[in-house]
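The file work_27.cif contains mmCIF, C-alpha atoms (C1' of nucleotides):
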data_query
#
loop_
_atom_site.group_PDB
_atom_site.id
_atom_site.type_symbol
_atom_site.label_atom_id
_atom_site.label_comp_id
_atom_site.auth_asym_id
_atom_site.auth_seq_id
_atom_site.Cartn_x
_atom_site.Cartn_y
_atom_site.Cartn_z
ATOM 1 C CA MET I 1 0.000 0.000 0.000
ATOM 2 C CA SER I 2 2.844 2.324 0.848
ATOM 3 C CA ASP I 3 6.027 0.360 0.351
ATOM 4 C CA PRO I 4 6.375 -0.945 -3.210
ATOM 5 C CA THR I 5 9.104 -3.385 -2.209
ATOM 6 C CA ASP I 6 6.866 -5.618 -0.107
ATOM 7 C CA SER I 7 5.029 -7.143 -3.035
ATOM 8 C CA PRO I 8 2.478 -9.476 -1.505
ATOM 9 C CA ARG I 9 1.768 -12.300 -3.872
ATOM 10 C CA PHE I 10 -1.779 -12.835 -2.893
ATOM 11 C CA ARG I 11 -4.317 -10.139 -2.100
ATOM 12 C CA LEU I 12 -7.821 -11.037 -1.147
ATOM 13 C CA ARG I 13 -10.698 -8.697 -0.529
ATOM 14 C CA LEU I 14 -14.179 -9.521 0.633
ATOM 15 C CA VAL I 15 -16.682 -6.995 -0.663
ATOM 16 C CA PHE I 16 -19.914 -7.037 1.289
ATOM 17 C CA GLY I 17 -21.395 -3.794 0.021
ATOM 18 C CA PRO I 18 -20.694 -0.504 -1.750
ATOM 19 C CA ASP I 19 -18.529 0.827 1.071
ATOM 20 C CA GLU I 20 -18.113 -2.313 3.103
ATOM 21 C CA TRP I 21 -15.177 -4.542 2.511
ATOM 22 C CA MET I 22 -12.413 -6.350 4.332
ATOM 23 C CA GLY I 23 -8.934 -6.680 2.899
ATOM 24 C CA PRO I 24 -5.244 -7.036 3.689
ATOM 25 C CA GLY I 25 -4.873 -3.384 4.697
ATOM 26 C CA LYS I 26 -7.523 -3.464 7.393
ATOM 27 C CA ALA I 27 -6.254 -6.824 8.612
ATOM 28 C CA GLU I 28 -2.720 -5.521 8.982
ATOM 29 C CA LEU I 29 -4.023 -2.455 10.762
ATOM 30 C CA LEU I 30 -5.833 -4.650 13.265
ATOM 31 C CA GLU I 31 -2.621 -6.536 13.922
ATOM 32 C CA HIS I 32 -0.680 -3.357 14.570
ATOM 33 C CA ILE I 33 -3.393 -2.068 16.883
ATOM 34 C CA GLU I 34 -3.221 -5.311 18.806
ATOM 35 C CA GLN I 35 0.548 -5.013 19.081
ATOM 36 C CA THR I 36 0.820 -1.317 19.882
ATOM 37 C CA GLY I 37 -2.442 -0.632 21.675
ATOM 38 C CA SER I 38 -2.843 2.574 19.705
ATOM 39 C CA ILE I 39 -4.503 3.649 16.485
ATOM 40 C CA SER I 40 -1.953 6.354 15.784
ATOM 41 C CA ALA I 41 0.999 4.084 16.502
ATOM 42 C CA ALA I 42 -0.478 1.413 14.268
ATOM 43 C CA GLY I 43 -0.935 3.919 11.487
ATOM 44 C CA ARG I 44 2.600 5.183 11.918
ATOM 45 C CA ALA I 45 3.933 1.644 11.739
ATOM 46 C CA MET I 46 2.218 1.253 8.391
ATOM 47 C CA GLY I 47 3.253 4.662 7.099
ATOM 48 C CA MET I 48 -0.284 5.943 6.961
ATOM 49 C CA SER I 49 -1.792 9.076 8.424
ATOM 50 C CA TYR I 50 -3.811 8.931 11.621
ATOM 51 C CA LYS I 51 -6.788 10.218 9.681
ATOM 52 C CA ARG I 52 -6.744 7.255 7.361
ATOM 53 C CA ALA I 53 -6.099 4.755 10.125
ATOM 54 C CA TRP I 54 -9.000 6.123 12.118
ATOM 55 C CA GLN I 55 -11.264 6.066 9.072
ATOM 56 C CA LEU I 56 -10.496 2.396 8.487
ATOM 57 C CA VAL I 57 -11.206 1.581 12.111
ATOM 58 C CA ASP I 58 -14.422 3.579 11.982
ATOM 59 C CA THR I 59 -15.537 1.711 8.866
ATOM 60 C CA MET I 60 -14.819 -1.653 10.408
ATOM 61 C CA ASN I 61 -16.611 -0.797 13.636
ATOM 62 C CA ALA I 62 -19.649 0.276 11.609
ATOM 63 C CA MET I 63 -19.845 -2.695 9.285
ATOM 64 C CA PHE I 64 -19.669 -5.403 11.932
ATOM 65 C CA ARG I 65 -22.430 -5.958 14.451
ATOM 66 C CA THR I 66 -19.939 -5.688 17.303
ATOM 67 C CA PRO I 67 -17.086 -3.148 17.090
ATOM 68 C CA LEU I 68 -13.693 -4.650 16.374
ATOM 69 C CA VAL I 69 -11.688 -1.920 18.068
ATOM 70 C CA GLN I 70 -12.462 -0.286 21.390
ATOM 71 C CA SER I 71 -10.764 3.039 21.902
ATOM 72 C CA SER I 72 -10.487 5.298 24.918
ATOM 73 C CA ARG I 73 -9.454 8.891 25.416
ATOM 74 C CA GLY I 74 -7.458 10.368 28.278
ATOM 75 C CA GLY I 75 -5.967 8.373 31.093
ATOM 76 C CA ALA I 76 -2.434 7.654 32.125
ATOM 77 C CA LYS I 77 -1.057 7.197 28.662
ATOM 78 C CA GLY I 78 -3.422 9.608 26.978
ATOM 79 C CA GLY I 79 -5.662 6.887 25.671
ATOM 80 C CA GLY I 80 -5.416 3.880 23.469
ATOM 81 C CA ALA I 81 -7.168 1.209 21.506
ATOM 82 C CA VAL I 82 -7.550 -2.534 21.875
ATOM 83 C CA LEU I 83 -9.050 -5.307 19.823
ATOM 84 C CA THR I 84 -12.353 -6.620 21.077
ATOM 85 C CA ASP I 85 -13.123 -10.320 21.055
ATOM 86 C CA ALA I 86 -14.927 -9.761 17.777
ATOM 87 C CA GLY I 87 -11.856 -7.982 16.455
ATOM 88 C CA GLN I 88 -9.651 -10.928 17.267
ATOM 89 C CA VAL I 89 -12.105 -13.327 15.692
ATOM 90 C CA VAL I 90 -12.412 -11.302 12.495
ATOM 91 C CA LEU I 91 -8.648 -10.976 12.218
ATOM 92 C CA ALA I 92 -8.114 -14.679 12.779
ATOM 93 C CA GLU I 93 -10.852 -15.675 10.352
ATOM 94 C CA PHE I 94 -9.523 -13.380 7.647
ATOM 95 C CA ARG I 95 -5.979 -14.644 8.041
ATOM 96 C CA ALA I 96 -7.238 -18.199 7.970
ATOM 97 C CA LEU I 97 -9.239 -17.400 4.859
ATOM 98 C CA GLU I 98 -6.151 -16.005 3.177
ATOM 99 C CA ASP I 99 -4.049 -19.027 4.058
ATOM 100 C CA THR I 100 -6.698 -21.499 3.003
ATOM 101 C CA ALA I 101 -7.458 -19.763 -0.267
ATOM 102 C CA ARG I 102 -3.798 -19.325 -1.119
ATOM 103 C CA ALA I 103 -3.016 -22.948 -0.428
ATOM 104 C CA ALA I 104 -5.988 -24.169 -2.402
ATOM 105 C CA GLY I 105 -5.062 -22.078 -5.423
ATOM 106 C CA ALA I 106 -1.325 -22.670 -5.269
ATOM 107 C CA LYS I 107 -1.338 -24.812 -8.371
ATOM 108 C CA HIS I 108 -3.080 -22.181 -10.464
ATOM 109 C CA ILE I 109 -0.872 -19.430 -9.092
ATOM 110 C CA GLU I 110 2.189 -21.426 -9.997
ATOM 111 C CA ARG I 111 0.990 -21.932 -13.566
ATOM 112 C CA LEU I 112 0.326 -18.226 -13.966
ATOM 113 C CA GLN I 113 3.720 -17.303 -12.580
ATOM 114 C CA GLU I 114 5.401 -19.560 -15.075
ATOM 115 C CA MET I 115 3.892 -17.510 -17.873
ATOM 116 C CA LEU I 116 5.361 -14.203 -16.697
ATOM 117 C CA THR I 117 8.131 -12.416 -18.537
ATOM 118 C CA ASP I 118 10.330 -11.983 -15.502
ATOM 119 C CA ILE I 119 10.890 -15.379 -13.937
ATOM 120 C CA PRO I 120 9.849 -15.322 -10.286
ATOM 121 C CA ASP I 121 12.209 -17.066 -7.868
ATOM 122 C CA GLY I 122 11.152 -20.695 -7.817
ATOM 123 C CA LYS I 123 10.737 -20.578 -4.017
ATOM 124 C CA MET G 124 -15.998 -1.129 -10.431
ATOM 125 C CA SER G 125 -18.557 1.242 -11.822
ATOM 126 C CA ASP G 126 -21.908 -0.215 -10.849
ATOM 127 C CA PRO G 127 -22.354 -0.343 -7.085
ATOM 128 C CA THR G 128 -25.172 -2.882 -7.368
ATOM 129 C CA ASP G 129 -22.987 -5.719 -8.598
ATOM 130 C CA SER G 130 -21.257 -6.363 -5.282
ATOM 131 C CA PRO G 131 -18.837 -9.184 -5.985
ATOM 132 C CA ARG G 132 -18.342 -11.122 -2.795
ATOM 133 C CA PHE G 133 -14.868 -12.268 -3.495
ATOM 134 C CA ARG G 134 -12.097 -10.266 -5.120
ATOM 135 C CA LEU G 135 -8.720 -11.784 -5.661
ATOM 136 C CA ARG G 136 -5.638 -10.088 -6.980
ATOM 137 C CA LEU G 137 -2.281 -11.600 -7.739
ATOM 138 C CA VAL G 138 0.494 -9.065 -7.325
ATOM 139 C CA PHE G 139 3.656 -10.076 -9.126
ATOM 140 C CA GLY G 140 5.482 -6.768 -8.985
ATOM 141 C CA PRO G 141 5.137 -3.021 -8.440
ATOM 142 C CA ASP G 142 3.070 -2.497 -11.564
ATOM 143 C CA GLU G 143 2.298 -6.079 -12.429
ATOM 144 C CA TRP G 144 -0.837 -7.685 -11.159
ATOM 145 C CA MET G 145 -3.786 -9.710 -12.313
ATOM 146 C CA GLY G 146 -7.252 -9.191 -10.898
ATOM 147 C CA PRO G 147 -10.978 -9.437 -11.589
ATOM 148 C CA GLY G 148 -11.011 -6.310 -13.754
ATOM 149 C CA LYS G 149 -8.434 -7.552 -16.228
ATOM 150 C CA ALA G 150 -10.041 -10.977 -16.276
ATOM 151 C CA GLU G 151 -13.434 -9.517 -17.099
ATOM 152 C CA LEU G 152 -11.872 -7.378 -19.785
ATOM 153 C CA LEU G 153 -10.340 -10.438 -21.394
ATOM 154 C CA GLU G 154 -13.738 -12.108 -21.423
ATOM 155 C CA HIS G 155 -15.374 -9.152 -23.117
ATOM 156 C CA ILE G 156 -12.605 -8.971 -25.693
ATOM 157 C CA GLU G 157 -13.123 -12.637 -26.424
ATOM 158 C CA GLN G 158 -16.852 -12.077 -26.837
ATOM 159 C CA THR G 159 -16.781 -8.838 -28.820
ATOM 160 C CA GLY G 160 -13.503 -9.125 -30.705
ATOM 161 C CA SER G 161 -12.758 -5.501 -29.913
ATOM 162 C CA ILE G 162 -10.948 -3.585 -27.197
ATOM 163 C CA SER G 163 -13.197 -0.574 -27.461
ATOM 164 C CA ALA G 164 -16.373 -2.655 -27.417
ATOM 165 C CA ALA G 165 -15.094 -4.552 -24.401
ATOM 166 C CA GLY G 166 -14.343 -1.315 -22.603
ATOM 167 C CA ARG G 167 -17.754 0.069 -23.473
ATOM 168 C CA ALA G 168 -19.420 -3.060 -22.136
ATOM 169 C CA MET G 169 -17.689 -2.495 -18.826
ATOM 170 C CA GLY G 170 -18.336 1.236 -18.748
ATOM 171 C CA MET G 171 -14.696 2.126 -19.008
ATOM 172 C CA SER G 172 -12.914 4.434 -21.405
ATOM 173 C CA TYR G 173 -11.017 3.053 -24.357
ATOM 174 C CA LYS G 174 -7.863 4.577 -22.948
ATOM 175 C CA ARG G 175 -8.150 2.594 -19.758
ATOM 176 C CA ALA G 176 -9.097 -0.607 -21.540
ATOM 177 C CA TRP G 177 -6.126 -0.260 -23.849
ATOM 178 C CA GLN G 178 -3.802 0.478 -20.935
ATOM 179 C CA LEU G 179 -4.917 -2.693 -19.175
ATOM 180 C CA VAL G 180 -4.369 -4.736 -22.311
ATOM 181 C CA ASP G 181 -0.971 -3.140 -22.818
ATOM 182 C CA THR G 182 0.031 -3.954 -19.254
ATOM 183 C CA MET G 183 -1.045 -7.568 -19.601
ATOM 184 C CA ASN G 184 0.742 -8.009 -22.893
ATOM 185 C CA ALA G 185 3.904 -6.647 -21.304
ATOM 186 C CA MET G 186 3.874 -8.672 -18.118
ATOM 187 C CA PHE G 187 3.371 -12.070 -19.714
ATOM 188 C CA ARG G 188 5.998 -13.705 -21.864
ATOM 189 C CA THR G 189 3.495 -14.152 -24.674
ATOM 190 C CA PRO G 190 0.928 -11.409 -25.348
ATOM 191 C CA LEU G 191 -2.599 -12.243 -24.212
ATOM 192 C CA VAL G 192 -4.346 -10.044 -26.758
ATOM 193 C CA GLN G 193 -3.493 -9.679 -30.406
ATOM 194 C CA SER G 194 -4.864 -6.539 -32.012
ATOM 195 C CA SER G 195 -4.936 -5.416 -35.606
ATOM 196 C CA ARG G 196 -5.606 -2.104 -37.297
ATOM 197 C CA GLY G 197 -7.434 -1.468 -40.531
ATOM 198 C CA GLY G 198 -9.185 -4.091 -42.580
ATOM 199 C CA ALA G 199 -12.783 -4.685 -43.423
ATOM 200 C CA LYS G 200 -14.144 -3.913 -40.001
ATOM 201 C CA GLY G 201 -11.523 -1.341 -39.088
ATOM 202 C CA GLY G 202 -9.588 -3.700 -36.934
ATOM 203 C CA GLY G 203 -10.122 -5.787 -33.875
ATOM 204 C CA ALA G 204 -8.600 -7.793 -31.098
ATOM 205 C CA VAL G 205 -8.594 -11.460 -30.219
ATOM 206 C CA LEU G 206 -7.341 -13.548 -27.336
ATOM 207 C CA THR G 207 -4.209 -15.517 -28.020
ATOM 208 C CA ASP G 208 -3.811 -19.068 -26.754
ATOM 209 C CA ALA G 209 -1.887 -17.641 -23.828
ATOM 210 C CA GLY G 210 -4.741 -15.227 -23.213
ATOM 211 C CA GLN G 211 -7.250 -18.022 -23.037
ATOM 212 C CA VAL G 212 -5.013 -20.007 -20.710
ATOM 213 C CA VAL G 213 -4.444 -17.080 -18.369
ATOM 214 C CA LEU G 214 -8.143 -16.303 -18.272
ATOM 215 C CA ALA G 215 -9.066 -19.902 -17.578
ATOM 216 C CA GLU G 216 -6.401 -20.291 -14.909
ATOM 217 C CA PHE G 217 -7.428 -17.122 -13.148
ATOM 218 C CA ARG G 218 -11.098 -18.068 -13.146
ATOM 219 C CA ALA G 219 -10.199 -21.502 -11.865
ATOM 220 C CA LEU G 220 -8.074 -19.911 -9.180
ATOM 221 C CA GLU G 221 -10.965 -17.722 -8.104
ATOM 222 C CA ASP G 222 -13.379 -20.631 -7.957
ATOM 223 C CA THR G 223 -10.970 -22.861 -6.099
ATOM 224 C CA ALA G 224 -9.981 -20.218 -3.594
ATOM 225 C CA ARG G 225 -13.566 -19.142 -2.998
ATOM 226 C CA ALA G 226 -14.722 -22.690 -2.460
ATOM 227 C CA ALA G 227 -11.845 -23.463 -0.124
ATOM 228 C CA GLY G 228 -12.496 -20.409 2.007
ATOM 229 C CA ALA G 229 -16.277 -20.632 1.980
ATOM 230 C CA LYS G 230 -16.436 -21.596 5.627
ATOM 231 C CA HIS G 231 -14.400 -18.584 6.750
ATOM 232 C CA ILE G 232 -16.347 -16.264 4.478
ATOM 233 C CA GLU G 233 -19.570 -17.519 5.945
ATOM 234 C CA ARG G 234 -18.378 -16.926 9.490
ATOM 235 C CA LEU G 235 -17.343 -13.379 8.647
ATOM 236 C CA GLN G 236 -20.646 -12.639 6.955
ATOM 237 C CA GLU G 237 -22.516 -13.756 10.032
ATOM 238 C CA MET G 238 -20.763 -11.045 12.018
ATOM 239 C CA LEU G 239 -21.914 -8.204 9.775
ATOM 240 C CA THR G 240 -24.462 -5.617 10.849
ATOM 241 C CA ASP G 241 -26.646 -6.023 7.796
ATOM 242 C CA ILE G 242 -27.556 -9.664 7.432
ATOM 243 C CA PRO G 243 -26.567 -10.907 3.965
ATOM 244 C CA ASP G 244 -29.082 -13.124 2.197
ATOM 245 C CA GLY G 245 -28.378 -16.696 3.242
ATOM 246 C CA LYS G 246 -26.927 -17.798 -0.089
ATOM 247 C "C1'" DC R 247 -8.356 6.373 -54.228
ATOM 248 C "C1'" DC R 248 -11.469 7.338 -50.965
ATOM 249 C "C1'" DT R 249 -14.296 5.807 -47.148
ATOM 250 C "C1'" DC R 250 -14.950 3.386 -42.959
ATOM 251 C "C1'" DG R 251 -14.264 1.660 -38.298
ATOM 252 C "C1'" DA R 252 -11.203 0.274 -35.001
ATOM 253 C "C1'" DT R 253 -6.558 0.651 -32.956
ATOM 254 C "C1'" DA R 254 -2.943 3.705 -31.178
ATOM 255 C "C1'" DT R 255 -1.284 7.967 -28.871
ATOM 256 C "C1'" DT R 256 -1.246 12.508 -27.071
ATOM 257 C "C1'" DT R 257 -2.985 16.519 -24.629
ATOM 258 C "C1'" DC R 258 -6.016 18.829 -21.547
ATOM 259 C "C1'" DC R 259 -8.620 19.005 -17.425
ATOM 260 C "C1'" DC R 260 -11.593 17.852 -13.642
ATOM 261 C "C1'" DG R 261 -12.834 15.565 -9.529
ATOM 262 C "C1'" DA R 262 -11.829 12.604 -5.847
ATOM 263 C "C1'" DT R 263 -8.478 10.745 -2.615
ATOM 264 C "C1'" DG R 264 -5.844 11.318 1.037
ATOM 265 C "C1'" DG R 265 -2.133 14.017 3.572
ATOM 266 C "C1'" DA R 266 -1.093 17.949 6.439
ATOM 267 C "C1'" DT R 267 -2.679 20.832 9.755
ATOM 268 C "C1'" DA R 268 -5.373 22.754 13.479
ATOM 269 C "C1'" DT R 269 -8.370 22.265 17.326
ATOM 270 C "C1'" DA R 270 -10.976 20.201 20.925
ATOM 271 C "C1'" DA R 271 -12.046 16.688 24.334
ATOM 272 C "C1'" DC R 272 -10.615 13.434 27.552
ATOM 273 C "C1'" DG R 273 -8.795 11.450 31.941
ATOM 274 C "C1'" DC R 274 -4.940 9.935 34.619
ATOM 275 C "C1'" DT R 275 -0.689 11.722 36.720
ATOM 276 C "C1'" DT R 276 1.978 14.929 39.177
ATOM 277 C "C1'" DA Y 277 -4.784 22.888 38.323
ATOM 278 C "C1'" DA Y 278 -1.565 22.116 34.940
ATOM 279 C "C1'" DG Y 279 0.549 18.780 31.717
ATOM 280 C "C1'" DC Y 280 0.608 15.104 28.675
ATOM 281 C "C1'" DG Y 281 -0.445 11.842 24.906
ATOM 282 C "C1'" DT Y 282 -4.058 9.968 22.586
ATOM 283 C "C1'" DT Y 283 -8.567 9.925 20.369
ATOM 284 C "C1'" DA Y 284 -11.866 12.599 17.631
ATOM 285 C "C1'" DT Y 285 -13.194 15.887 13.990
ATOM 286 C "C1'" DA Y 286 -13.065 19.552 10.591
ATOM 287 C "C1'" DT Y 287 -10.849 22.370 7.092
ATOM 288 C "C1'" DC Y 288 -7.648 23.230 3.498
ATOM 289 C "C1'" DC Y 289 -5.066 21.863 -0.351
ATOM 290 C "C1'" DA Y 290 -1.781 19.414 -3.547
ATOM 291 C "C1'" DT Y 291 -1.552 15.545 -6.191
ATOM 292 C "C1'" DC Y 292 -2.781 12.194 -9.368
ATOM 293 C "C1'" DG Y 293 -5.557 8.895 -11.768
ATOM 294 C "C1'" DG Y 294 -8.640 8.600 -15.235
ATOM 295 C "C1'" DG Y 295 -12.112 10.538 -18.611
ATOM 296 C "C1'" DA Y 296 -12.948 13.344 -22.747
ATOM 297 C "C1'" DA Y 297 -11.536 14.684 -26.893
ATOM 298 C "C1'" DA Y 298 -8.567 15.342 -30.720
ATOM 299 C "C1'" DT Y 299 -5.488 13.246 -34.034
ATOM 300 C "C1'" DA Y 300 -2.978 9.829 -36.635
ATOM 301 C "C1'" DT Y 301 -2.616 5.281 -38.595
ATOM 302 C "C1'" DC Y 302 -3.846 1.176 -40.717
ATOM 303 C "C1'" DG Y 303 -6.003 -2.083 -44.320
ATOM 304 C "C1'" DA Y 304 -9.898 -4.242 -46.721
ATOM 305 C "C1'" DG Y 305 -13.565 -3.004 -49.672
ATOM 306 C "C1'" DG Y 306 -16.320 -0.287 -52.746
#
Same coordinates, now as structure tokens:
Amino acid sequence: MSDPTDSPRFRLRLVFGPDEWMGPGKAELLEHIEQTGSISAAGRAMGMSYKRAWQLVDTMNAMFRTPLVQSSRGGAKGGGAVLTDAGQVVLAEFRALEDTARAAGAKHIERLQEMLTDIPDGK
Amino acid sequence: MSDPTDSPRFRLRLVFGPDEWMGPGKAELLEHIEQTGSISAAGRAMGMSYKRAWQLVDTMNAMFRTPLVQSSRGGAKGGGAVLTDAGQVVLAEFRALEDTARAAGAKHIERLQEMLTDIPDGK
DNA sequence: CCTCGATATTTCCCGATGGATATAACGCTT
DNA sequence: AAGCGTTATATCCATCGGGAAATATCGAGG
């Protein structure tokens, strides 16, 4: 999304509605929030503005029945954000979906790679 | 891409390099080219400009060892474009990849859908 | 040899996307 | 009560991706 060097082979997006979807970007953001306990820190880690990070969180919290991220203002450390149970479930399910789908389609992916001009490293 | 009503559930993109990827848009374009025998007609059918359609074709032809689309200018009907053998293979492989991956991840997709605010129609 | 329809290519321009910035609210700590 | 770091929210603005349109080219057919 920001760094062109990290070329992920396999990108999967679930589109539920016009403005409702779940993809690699949101999943990674959830992971960083879980690790850092902060929306801004997570955004920084991904090289994205706080505005964008917050927008993604806001979208996710709106599209799922239960919010995925619970945030708080003030307090000892100024505030923070944590993944809810639903957030952890969604993250785990999405990662599992990615792994499963990638594994299942490995054969087709391999055949497509073999047809490229620049030969990808054969693992 | 243009029509918000056709909400595809499952979007899959293979990213090979910085500017080299294969996704649902290019696949659909290939299908329309195969059906219409024309880049412009294919673009029109998808509601995209000829410029964009041509750019996508150009990108695909460059990233694969053998061009996927062979186009010709002039002639009885002004010209046209057809899928090469490689084009048909790539299209078929990508569609197969989508089907396989979607089927393999169906369980995870279902679980995620159940957590949405707006209940999706049960199949 | 002129027309026709599609490909090929360039230029111009608008609108949307997202970053930068500013401000406010919040609640624990000191 | 002041300070701090974060969340929350709005405004401004540069950038850029893509559409529109204009132009050139090609080759069979009339």
Using only C-alpha atoms (C1' of nucleotides), I'd like every residue of chain R that has an atom within 8 Å of chain I; please write them out as a PDB file with C-alpha atoms (C1' of nucleotides), in the coordinates of the input.
ATOM      1  C1'  DG R 264      -5.844  11.318   1.037  1.00  0.00           C
ATOM      2  C1'  DG R 265      -2.133  14.017   3.572  1.00  0.00           C
ATOM      3  C1'  DC R 272     -10.615  13.434  27.552  1.00  0.00           C
ATOM      4  C1'  DG R 273      -8.795  11.450  31.941  1.00  0.00           C
ATOM      5  C1'  DC R 274      -4.940   9.935  34.619  1.00  0.00           C
ATOM      6  C1'  DT R 275      -0.689  11.722  36.720  1.00  0.00           C
TER       7       DT R 275
END
Here's the selection I'm unsure about, the PyMOL selection byres ((chain Y and resi 284-292) around 10); applied to the file above, which residues does it give, as JSON, numbers by chain?
{"I": [51, 54, 73], "R": [262, 263, 264, 265, 266, 267, 268, 269, 270, 271], "Y": [282, 283, 293, 294]}
Enclose all atoms of range 261-271 of chain R listed in the file in an axis-aligned box, grow every side by 6 Å, and hand back centre and edge lengths in Å to one decimal, as AutoDock Vina command-line options.
--center_x -7.0 --center_y 16.7 --center_z 7.4 --size_x 23.7 --size_y 24.0 --size_z 45.9
With a distance cut-off of 10 Å and all atoms listed in the file, select the neighbouring residues of range 214-227 of chain G, excluding the residue or stretch itself and same-chain residues fewer than 5 positions from it, and output the selection as a PDB file with C-alpha atoms, in the frame of the given file.
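The resulting around_28.pdb:
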ATOM      1  CA  LEU I  12      -7.821 -11.037  -1.147  1.00  0.00           C
ATOM      2  CA  LEU I  97      -9.239 -17.400   4.859  1.00  0.00           C
ATOM      3  CA  GLU I  98      -6.151 -16.005   3.177  1.00  0.00           C
ATOM      4  CA  ASP I  99      -4.049 -19.027   4.058  1.00  0.00           C
ATOM      5  CA  THR I 100      -6.698 -21.499   3.003  1.00  0.00           C
ATOM      6  CA  ALA I 101      -7.458 -19.763  -0.267  1.00  0.00           C
ATOM      7  CA  ARG I 102      -3.798 -19.325  -1.119  1.00  0.00           C
ATOM      8  CA  ALA I 103      -3.016 -22.948  -0.428  1.00  0.00           C
ATOM      9  CA  ALA I 104      -5.988 -24.169  -2.402  1.00  0.00           C
ATOM     10  CA  GLY I 105      -5.062 -22.078  -5.423  1.00  0.00           C
ATOM     11  CA  ALA I 106      -1.325 -22.670  -5.269  1.00  0.00           C
ATOM     12  CA  LYS I 107      -1.338 -24.812  -8.371  1.00  0.00           C
ATOM     13  CA  HIS I 108      -3.080 -22.181 -10.464  1.00  0.00           C
ATOM     14  CA  ILE I 109      -0.872 -19.430  -9.092  1.00  0.00           C
ATOM     15  CA  GLU I 110       2.189 -21.426  -9.997  1.00  0.00           C
ATOM     16  CA  ARG I 111       0.990 -21.932 -13.566  1.00  0.00           C
ATOM     17  CA  LEU I 112       0.326 -18.226 -13.966  1.00  0.00           C
TER      18      LEU I 112
ATOM     19  CA  ARG G 132     -18.342 -11.122  -2.795  1.00  0.00           C
ATOM     20  CA  PHE G 133     -14.868 -12.268  -3.495  1.00  0.00           C
ATOM     21  CA  ARG G 134     -12.097 -10.266  -5.120  1.00  0.00           C
ATOM     22  CA  LEU G 135      -8.720 -11.784  -5.661  1.00  0.00           C
ATOM     23  CA  ARG G 136      -5.638 -10.088  -6.980  1.00  0.00           C
ATOM     24  CA  LEU G 137      -2.281 -11.600  -7.739  1.00  0.00           C
ATOM     25  CA  MET G 145      -3.786  -9.710 -12.313  1.00  0.00           C
ATOM     26  CA  GLY G 146      -7.252  -9.191 -10.898  1.00  0.00           C
ATOM     27  CA  PRO G 147     -10.978  -9.437 -11.589  1.00  0.00           C
ATOM     28  CA  LYS G 149      -8.434  -7.552 -16.228  1.00  0.00           C
ATOM     29  CA  ALA G 150     -10.041 -10.977 -16.276  1.00  0.00           C
ATOM     30  CA  GLU G 151     -13.434  -9.517 -17.099  1.00  0.00           C
ATOM     31  CA  LEU G 152     -11.872  -7.378 -19.785  1.00  0.00           C
ATOM     32  CA  LEU G 153     -10.340 -10.438 -21.394  1.00  0.00           C
ATOM     33  CA  GLU G 154     -13.738 -12.108 -21.423  1.00  0.00           C
ATOM     34  CA  LEU G 191      -2.599 -12.243 -24.212  1.00  0.00           C
ATOM     35  CA  LEU G 206      -7.341 -13.548 -27.336  1.00  0.00           C
ATOM     36  CA  ASP G 208      -3.811 -19.068 -26.754  1.00  0.00           C
ATOM     37  CA  ALA G 209      -1.887 -17.641 -23.828  1.00  0.00           C
ATOM     38  CA  ILE G 232     -16.347 -16.264   4.478  1.00  0.00           C
TER      39      ILE G 232
END
For a quick check of understanding, using all atoms listed in the file, which of I:Gly17, I:Gly80, I:Pro67, I:Gly47 has the smallest distance to Gln35 in chain I?
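Checking each of I:Gly17, I:Gly80, I:Pro67, I:Gly47 against Gln35 in chain I, counting all atoms listed in the file, the winner is I:Gly80.
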So, counting all atoms listed in the file, which residue among I:Phe64, I:Gly25, I:Ala81, I:Ile33 is closest to chain Y?
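Of I:Phe64, I:Gly25, I:Ala81, I:Ile33, the one nearest chain Y is I:Ala81, counting all atoms listed in the file.
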Using the chain letters and numbers from the file, which residues does the PyMOL selection byres ((chain R and resi 255) around 10) grab, as a compact mmCIF listing (two decimals) with C-alpha atoms (C1' of nucleotides), in the coordinates of the input?
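The resulting file, selection-v2.txt, is shown below:
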# COMPACT_ATOMS: atom_id res chain seq x y z
CA LYS G 174 -7.86 4.58 -22.95
C1' DT R 253 -6.56 0.65 -32.96
C1' DA R 254 -2.94 3.70 -31.18
C1' DT R 256 -1.25 12.51 -27.07
C1' DT R 257 -2.98 16.52 -24.63
C1' DT Y 299 -5.49 13.25 -34.03
C1' DA Y 300 -2.98 9.83 -36.64
Neighbour residues at most 9 Å from (-13.6, 12.2, -19.9) (all atoms listed in the file) as a list in words:
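It turns out the residues near that spot are Ser172 of chain G; DC259 and DC260 of chain R; DG294, DG295, DA296 and DA297 of chain Y.
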Save out the residues we just selected, C-alpha atoms (C1' of nucleotides), as a compact mmCIF listing (two decimals), in the frame of the given file.
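After the write, result34.txt holds the following:
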# COMPACT_ATOMS: atom_id res chain seq x y z
CA SER G 172 -12.91 4.43 -21.40
C1' DC R 259 -8.62 19.00 -17.42
C1' DC R 260 -11.59 17.85 -13.64
C1' DG Y 294 -8.64 8.60 -15.24
C1' DG Y 295 -12.11 10.54 -18.61
C1' DA Y 296 -12.95 13.34 -22.75
C1' DA Y 297 -11.54 14.68 -26.89
Could you tell me which residues the PyMOL selection byres ((chain G and resi 188) around 8) returns for this structure, as an mmCIF file with C-alpha atoms, in the coordinates of the input?
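The file below, out.cif, is the result:
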data_model
loop_
_atom_site.group_PDB
_atom_site.id
_atom_site.type_symbol
_atom_site.label_atom_id
_atom_site.label_comp_id
_atom_site.auth_asym_id
_atom_site.auth_seq_id
_atom_site.Cartn_x
_atom_site.Cartn_y
_atom_site.Cartn_z
ATOM 1 C CA MET I 115 3.892 -17.510 -17.873
ATOM 2 C CA LEU I 116 5.361 -14.203 -16.697
ATOM 3 C CA THR I 117 8.131 -12.416 -18.537
ATOM 4 C CA ASP I 118 10.330 -11.983 -15.502
ATOM 5 C CA ASN G 184 0.742 -8.009 -22.893
ATOM 6 C CA ALA G 185 3.904 -6.647 -21.304
ATOM 7 C CA MET G 186 3.874 -8.672 -18.118
ATOM 8 C CA PHE G 187 3.371 -12.070 -19.714
ATOM 9 C CA THR G 189 3.495 -14.152 -24.674
ATOM 10 C CA PRO G 190 0.928 -11.409 -25.348
#
